[in-house]
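Participant: Following this message is one structure expressed as structure tokens.
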Amino acid sequence: MIFPLFETICLEQGKVRNIALHQQRYEKSLSLFYSGTAVKIHDLWQVIAENSQFYTALDSPLIRCRIAYNHQHYAVQFFPYQRKIYRHFQPVICDDIDYSLKYQDRFLLNQLVKQKGQADEIMIIKKGHVTDCSIGNLVFRQGKDWFTPNTPLLKGTQREFLLQQGRLQEIPILAEDVHQFDEIRLINAMNSLD
């Protein structure tokens with residue numbers, strides 16, 4: 001069975017993080033990708049709950065849940081997760097990339113990652129603007145304030161959560177302006193600002 005889209009959801013200390021935002025993105029992605037096709041919408045919280053024996057058996061405080069899906073079906077997997085620190089980002093230019101949905105096909109992203117050299121991750125530049133890295137959104141600190149580009153490839157759930165909390169501000173960030181910031185971090189479902 002082919003699953004062109006997926007969601008990555010964080011389970012921390014047995015609690016499902018940002019599930020409402022994941023559900024919103026999942027439903028929106030279904031409607032955009034399968035426009036004009038009948039879709040079956042699953043409750044992602046219920047999907048996780050029905051498979052609790054698989055993640056409780058992992059005995060890990062931090063678990064990555066991956067739900068791959070199509071217009072009718074899904075497949076769910078759970079993995080123990082260890083957070084990593086990303087300090088160095090290699091700018092990589094790609095003006096024609098589109099990753100507006102969380103696609104399983106990451107061929108172009110994987111090709112771009114090959115250009116990272118000794119850096120920890122890439123920083124994708126599209127038409128002069130900072131977008132994302134290969135596995136999440138980017139955030140930039142200036143003093144005590146955190147900013148994120150208003151040109152993301154994918155509007156991540158962690159990004160949306162932090163914007164709603166007022167902990168993050170969305171602004172235009174040009175590649176030439178990156179040096180003005182004190183720190184750069186990667187955020188995604190598994191990695192927040194905390």
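Every chain in the structure tokens has a letter given in the order shown (A, B, ...), and although residue numbers restart at 1 in each chain, ligands are simply numbered from 1 in the order shown.
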Mind listing the alpha helix (DSSP H) residues of range 3-190 of chain A, per DSSP on the backbone, as an NGL selection string?
Facilitator: :A and (19-33 or 44-50 or 52-56 or 107-113 or 157-165)
Participant: Store the residues of this selection in a file with C-alpha atoms, as a PDB file, in the first residue's frame.
Facilitator:
```pdb
ATOM      1  CA  ILE A  19      -2.125  16.468  18.869  1.00  0.00           C
ATOM      2  CA  ALA A  20      -4.748  19.075  17.885  1.00  0.00           C
ATOM      3  CA  LEU A  21      -2.232  20.803  15.569  1.00  0.00           C
ATOM      4  CA  HIS A  22      -1.217  17.460  14.045  1.00  0.00           C
ATOM      5  CA  GLN A  23      -4.880  16.580  13.471  1.00  0.00           C
ATOM      6  CA  GLN A  24      -5.466  19.940  11.756  1.00  0.00           C
ATOM      7  CA  ARG A  25      -2.469  19.528   9.465  1.00  0.00           C
ATOM      8  CA  TYR A  26      -3.369  15.898   8.688  1.00  0.00           C
ATOM      9  CA  GLU A  27      -6.926  16.859   7.685  1.00  0.00           C
ATOM     10  CA  LYS A  28      -5.753  19.866   5.656  1.00  0.00           C
ATOM     11  CA  SER A  29      -3.116  17.740   3.889  1.00  0.00           C
ATOM     12  CA  LEU A  30      -5.735  15.125   3.009  1.00  0.00           C
ATOM     13  CA  SER A  31      -8.030  17.758   1.498  1.00  0.00           C
ATOM     14  CA  LEU A  32      -5.211  19.350  -0.522  1.00  0.00           C
ATOM     15  CA  PHE A  33      -3.475  16.178  -1.713  1.00  0.00           C
ATOM     16  CA  LEU A  44      -4.841  10.552  15.313  1.00  0.00           C
ATOM     17  CA  TRP A  45      -5.124  10.529  19.096  1.00  0.00           C
ATOM     18  CA  GLN A  46      -7.281   7.410  18.825  1.00  0.00           C
ATOM     19  CA  VAL A  47      -4.785   5.794  16.418  1.00  0.00           C
ATOM     20  CA  ILE A  48      -2.021   6.315  18.978  1.00  0.00           C
ATOM     21  CA  ALA A  49      -4.175   5.153  21.910  1.00  0.00           C
ATOM     22  CA  GLU A  50      -5.191   1.963  20.088  1.00  0.00           C
ATOM     23  CA  SER A  52      -0.303   1.970  23.113  1.00  0.00           C
ATOM     24  CA  GLN A  53       1.089  -1.522  23.704  1.00  0.00           C
ATOM     25  CA  PHE A  54       3.745  -0.832  21.066  1.00  0.00           C
ATOM     26  CA  TYR A  55       5.113   2.374  22.553  1.00  0.00           C
ATOM     27  CA  THR A  56       4.790   1.415  26.213  1.00  0.00           C
ATOM     28  CA  PHE A 107      14.435  12.681  -2.549  1.00  0.00           C
ATOM     29  CA  LEU A 108      15.206  16.359  -3.151  1.00  0.00           C
ATOM     30  CA  LEU A 109      15.718  17.056   0.558  1.00  0.00           C
ATOM     31  CA  ASN A 110      18.108  14.107   0.782  1.00  0.00           C
ATOM     32  CA  GLN A 111      20.029  15.436  -2.245  1.00  0.00           C
ATOM     33  CA  LEU A 112      20.348  18.840  -0.555  1.00  0.00           C
ATOM     34  CA  VAL A 113      21.586  17.249   2.692  1.00  0.00           C
ATOM     35  CA  THR A 157       3.244  21.955  14.363  1.00  0.00           C
ATOM     36  CA  GLN A 158       5.930  22.963  16.891  1.00  0.00           C
ATOM     37  CA  ARG A 159       6.415  26.231  15.000  1.00  0.00           C
ATOM     38  CA  GLU A 160       2.667  26.879  15.090  1.00  0.00           C
ATOM     39  CA  PHE A 161       2.495  26.014  18.805  1.00  0.00           C
ATOM     40  CA  LEU A 162       5.293  28.469  19.656  1.00  0.00           C
ATOM     41  CA  LEU A 163       3.741  31.190  17.479  1.00  0.00           C
ATOM     42  CA  GLN A 164       0.388  30.733  19.244  1.00  0.00           C
ATOM     43  CA  GLN A 165       2.137  30.952  22.636  1.00  0.00           C
TER      44      GLN A 165
END
```
Participant: Could you pull out the residues in range 47-152 of chain A that DSSP calls strand (DSSP E) from the backbone, as a count of residues only?
Facilitator: 39
Participant: Could you tell me which of A:Thr131, A:Gln115, A:Ser35, A:Asn188 comes closest to Thr8 in chain A if we count only C-alpha atoms?
Facilitator: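 Nearest candidate to Thr8 in chain A out of A:Thr131, A:Gln115, A:Ser35, A:Asn188: A:Asn188.
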Participant: Tell me which protein, DNA and RNA residues are within 12 Å of Asp132 in chain A, counting only C-alpha atoms, leaving out same-chain ones fewer than 2 positions away, and put them as a PyMOL selection string.
Facilitator: chain A and resi 89-94+97-100+109+112+121-126+129-130+134-140+148-156+159+173+175+184-188
Participant: Would you mind listing, for every residue of range 74-179 of chain A within 7 Å of range 60-64 of chain A, the two atoms forming the shortest contact and the distance between them in Å to one decimal, using only C-alpha atoms, sorted by chain and ascending residue number, as JSON lines?
Facilitator:
```
{"residue": "A:Phe78", "atom": "CA", "partner": "A:Arg64", "partner_atom": "CA", "distance": 5.7}
{"residue": "A:Phe79", "atom": "CA", "partner": "A:Arg64", "partner_atom": "CA", "distance": 5.1}
{"residue": "A:Pro80", "atom": "CA", "partner": "A:Ile63", "partner_atom": "CA", "distance": 4.6}
{"residue": "A:Tyr81", "atom": "CA", "partner": "A:Ile63", "partner_atom": "CA", "distance": 5.3}
```
Participant: Between A:Gln142, A:Asn70, A:Gln13, A:Gln118, which has the minimum distance to Val178 in chain A (counting only C-alpha atoms)?
Facilitator: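 Closest to Val178 in chain A of all the choices is A:Gln142.
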